[in-house]
Amino acid sequence: MRFWGLLIKNQFDMDFKIATGNIRGMCNEIKQNEVMKFIEKEKVQVCVVIETHLKIKSITKVCDRVFGNSNWISNVVHSHTCCRIVVGWNNSVVNVMVVNSCSQEILCLVEIVGKRLRFYCSFIYASNSIVEKDLMEAINDE
């Protein structure tokens, strides 16, 4: 699994880290532990996991375990097979509000708690299906 991160240095002189990683299935404890260790080691405030392969019946149990006391959301309700995107965040540092979501994207408003810093962030895991790619293009054209 690879994680890619973004470190934001801002006028409030605080580090703010967002990371995303393609886990290729978060159904087993080894991969769940890998995500948990990464979040702790890198002190990530927002962690996005794509290609989770989690089913609707197991997503709550797994994400509660992985993200602990942090909040999380997913786009599992938009998929007929399994979850494509999970966003977890440290709610003592950041508020994340979902603006829109679909099977390939979660658009959020991210706000740093106690600071005057807000920004929109879109987390995308595009489909390989031509039909779904066309749908995503149509959504982005609106």
# chains A, B, ... in the order shown; residues from 1 in each chain; ligands from 1
>>> closest_atom_pairs(of="segment 72-139 of chain A", to="segment 22-37 of chain A", cutoff="10 Å", atoms="only C-alpha atoms", output="tab-separated table")
residue	atom	partner	partner_atom	distance
A:Cys83	CA	A:Gly25	CA	9.7
A:Arg84	CA	A:Gly25	CA	9.6
A:Ile85	CA	A:Asn22	CA	9.4
A:Tyr125	CA	A:Asn22	CA	9.2
>>> write_last_selection(atoms="N, CA and C atoms", output="CSV table (one decimal), in the first residue's frame")
chain,number,residue,atom,x,y,z
A,83,CYS,N,-17.5,-0.5,-1.0
A,83,CYS,CA,-17.1,0.8,-0.8
A,83,CYS,C,-15.8,1.2,-1.6
A,84,ARG,N,-15.8,2.3,-2.2
A,84,ARG,CA,-14.6,2.8,-3.0
A,84,ARG,C,-13.8,3.8,-2.2
A,85,ILE,N,-14.4,4.6,-1.4
A,85,ILE,CA,-13.7,5.7,-0.7
A,85,ILE,C,-14.2,5.8,0.7
A,125,TYR,N,-11.9,8.4,-6.7
A,125,TYR,CA,-11.4,7.2,-7.1
A,125,TYR,C,-12.2,6.8,-8.3
>>> select_by_dssp(residues="segment 9-132 of chain A", states="strand (DSSP E)", output="PyMOL selection string")
chain A and resi 9+15-22+46-50+71-74+85-89+94-102+105-112+118-124
>>> closest_residue(among="A:Gly88, A:Glu42, A:Ile112, A:Val77", to="Asp64 of chain A", atoms="only C-alpha atoms")
A:Gly88
>>> select_by_dssp(residues="segment 41-138 of chain A", states="helix (DSSP H, G or I)", output="JSON, numbers by chain")
{"A": [41, 42, 59, 60, 61, 62, 63, 64, 65, 66, 67, 76, 77, 78, 130, 131, 132, 133, 134, 135, 136, 137, 138]}
>>> atom_distance(atom1="atom CA of Val66 of chain A", atom2="atom CA of Val113 of chain A")
22.2 Å
>>> atom_distance(atom1="atom CA of Val86 of chain A", atom2="atom CA of Arg116 of chain A")
25.7 Å
>>> atom_distance(atom1="atom CA of Val48 of chain A", atom2="atom CA of Gly21 of chain A")
6.4 Å
>>> closest_residue(among="A:Val94, A:Val46, A:Leu117, A:Leu54", to="Ala19 of chain A", atoms="only C-alpha atoms")
A:Val46
>>> decode(residues="segment 77-125 of chain A", atoms="N, CA and C atoms", output="short mmCIF file (atom, residue, chain, number, x, y, z; two decimals), in the first residue's frame")
data_model
loop_
_atom_site.label_atom_id
_atom_site.label_comp_id
_atom_site.auth_asym_id
_atom_site.auth_seq_id
_atom_site.Cartn_x
_atom_site.Cartn_y
_atom_site.Cartn_z
N VAL A 77 -22.93 3.81 0.10
CA VAL A 77 -24.34 3.83 -0.31
C VAL A 77 -24.51 4.06 -1.81
N HIS A 78 -23.47 4.52 -2.48
CA HIS A 78 -23.54 4.78 -3.91
C HIS A 78 -23.02 3.62 -4.76
N SER A 79 -22.63 2.54 -4.12
CA SER A 79 -22.04 1.43 -4.85
C SER A 79 -22.90 0.18 -4.75
N HIS A 80 -22.98 -0.55 -5.84
CA HIS A 80 -23.74 -1.79 -5.83
C HIS A 80 -22.88 -2.99 -5.43
N THR A 81 -21.58 -2.79 -5.28
CA THR A 81 -20.72 -3.91 -4.88
C THR A 81 -20.03 -3.68 -3.54
N CYS A 82 -19.19 -2.64 -3.47
CA CYS A 82 -18.46 -2.38 -2.23
C CYS A 82 -18.01 -0.92 -2.18
N CYS A 83 -17.49 -0.53 -1.03
CA CYS A 83 -17.07 0.84 -0.79
C CYS A 83 -15.80 1.17 -1.56
N ARG A 84 -15.80 2.32 -2.21
CA ARG A 84 -14.64 2.77 -2.97
C ARG A 84 -13.79 3.78 -2.20
N ILE A 85 -14.44 4.64 -1.39
CA ILE A 85 -13.73 5.72 -0.71
C ILE A 85 -14.19 5.84 0.74
N VAL A 86 -13.22 5.93 1.65
CA VAL A 86 -13.50 6.23 3.06
C VAL A 86 -12.63 7.43 3.45
N VAL A 87 -13.24 8.40 4.12
CA VAL A 87 -12.52 9.57 4.61
C VAL A 87 -12.64 9.56 6.13
N GLY A 88 -11.50 9.54 6.81
CA GLY A 88 -11.47 9.61 8.27
C GLY A 88 -10.75 10.88 8.70
N TRP A 89 -11.21 11.49 9.80
CA TRP A 89 -10.56 12.72 10.24
C TRP A 89 -10.56 12.84 11.75
N ASN A 90 -9.55 13.55 12.23
CA ASN A 90 -9.39 13.83 13.65
C ASN A 90 -10.30 15.00 14.00
N ASN A 91 -11.44 14.70 14.62
CA ASN A 91 -12.46 15.72 14.87
C ASN A 91 -12.06 16.74 15.94
N SER A 92 -10.97 16.53 16.64
CA SER A 92 -10.51 17.56 17.57
C SER A 92 -9.69 18.63 16.85
N VAL A 93 -9.29 18.35 15.62
CA VAL A 93 -8.47 19.27 14.84
C VAL A 93 -9.21 19.83 13.64
N VAL A 94 -10.11 19.04 13.06
CA VAL A 94 -10.73 19.42 11.80
C VAL A 94 -12.19 18.98 11.75
N ASN A 95 -13.02 19.79 11.10
CA ASN A 95 -14.39 19.40 10.76
C ASN A 95 -14.44 19.10 9.28
N VAL A 96 -15.09 18.02 8.92
CA VAL A 96 -15.26 17.67 7.51
C VAL A 96 -16.76 17.54 7.26
N MET A 97 -17.24 18.32 6.31
CA MET A 97 -18.66 18.28 5.95
C MET A 97 -18.79 17.85 4.50
N VAL A 98 -19.57 16.81 4.27
CA VAL A 98 -19.77 16.33 2.91
C VAL A 98 -20.69 17.29 2.16
N VAL A 99 -20.22 17.76 1.03
CA VAL A 99 -21.01 18.64 0.17
C VAL A 99 -21.77 17.81 -0.85
N ASN A 100 -21.09 16.81 -1.41
CA ASN A 100 -21.70 15.93 -2.40
C ASN A 100 -20.90 14.64 -2.45
N SER A 101 -21.58 13.55 -2.78
CA SER A 101 -20.86 12.30 -2.97
C SER A 101 -21.55 11.47 -4.04
N CYS A 102 -20.78 10.63 -4.68
CA CYS A 102 -21.29 9.69 -5.67
C CYS A 102 -20.38 8.47 -5.63
N SER A 103 -20.53 7.56 -6.55
CA SER A 103 -19.76 6.32 -6.51
C SER A 103 -18.26 6.54 -6.73
N GLN A 104 -17.88 7.67 -7.32
CA GLN A 104 -16.47 7.90 -7.65
C GLN A 104 -15.83 9.08 -6.92
N GLU A 105 -16.60 9.80 -6.10
CA GLU A 105 -16.08 11.02 -5.51
C GLU A 105 -16.80 11.37 -4.21
N ILE A 106 -16.05 11.98 -3.30
CA ILE A 106 -16.64 12.63 -2.13
C ILE A 106 -16.07 14.05 -2.08
N LEU A 107 -16.95 15.04 -2.20
CA LEU A 107 -16.55 16.44 -2.14
C LEU A 107 -16.86 16.95 -0.74
N CYS A 108 -15.85 17.52 -0.09
CA CYS A 108 -16.00 17.95 1.30
C CYS A 108 -15.57 19.40 1.49
N LEU A 109 -16.16 20.03 2.50
CA LEU A 109 -15.67 21.30 3.01
C LEU A 109 -14.88 20.95 4.26
N VAL A 110 -13.61 21.31 4.27
CA VAL A 110 -12.72 21.01 5.38
C VAL A 110 -12.45 22.31 6.13
N GLU A 111 -12.63 22.26 7.45
CA GLU A 111 -12.45 23.45 8.28
C GLU A 111 -11.59 23.09 9.48
N ILE A 112 -10.52 23.84 9.67
CA ILE A 112 -9.64 23.62 10.81
C ILE A 112 -10.30 24.22 12.05
N VAL A 113 -10.46 23.40 13.09
CA VAL A 113 -11.14 23.81 14.32
C VAL A 113 -10.39 24.97 14.97
N GLY A 114 -11.14 26.02 15.33
CA GLY A 114 -10.56 27.16 16.04
C GLY A 114 -9.74 28.10 15.18
N LYS A 115 -9.67 27.87 13.90
CA LYS A 115 -8.90 28.72 12.98
C LYS A 115 -9.85 29.24 11.91
N ARG A 116 -9.42 30.23 11.21
CA ARG A 116 -10.23 30.75 10.11
C ARG A 116 -9.71 30.21 8.78
N LEU A 117 -9.62 28.92 8.70
CA LEU A 117 -9.11 28.28 7.49
C LEU A 117 -10.11 27.22 7.04
N ARG A 118 -10.63 27.40 5.83
CA ARG A 118 -11.57 26.46 5.22
C ARG A 118 -11.17 26.26 3.77
N PHE A 119 -11.41 25.06 3.28
CA PHE A 119 -11.18 24.81 1.86
C PHE A 119 -12.01 23.61 1.44
N TYR A 120 -12.27 23.53 0.15
CA TYR A 120 -12.96 22.39 -0.42
C TYR A 120 -11.93 21.38 -0.88
N CYS A 121 -12.26 20.13 -0.69
CA CYS A 121 -11.36 19.07 -1.10
C CYS A 121 -12.19 17.94 -1.69
N SER A 122 -11.80 17.49 -2.86
CA SER A 122 -12.51 16.42 -3.53
C SER A 122 -11.64 15.17 -3.54
N PHE A 123 -12.20 14.08 -3.05
CA PHE A 123 -11.49 12.81 -3.01
C PHE A 123 -12.09 11.91 -4.08
N ILE A 124 -11.26 11.50 -5.03
CA ILE A 124 -11.76 10.79 -6.21
C ILE A 124 -11.07 9.44 -6.35
N TYR A 125 -11.87 8.45 -6.66
CA TYR A 125 -11.36 7.15 -7.10
C TYR A 125 -12.20 6.78 -8.31
#
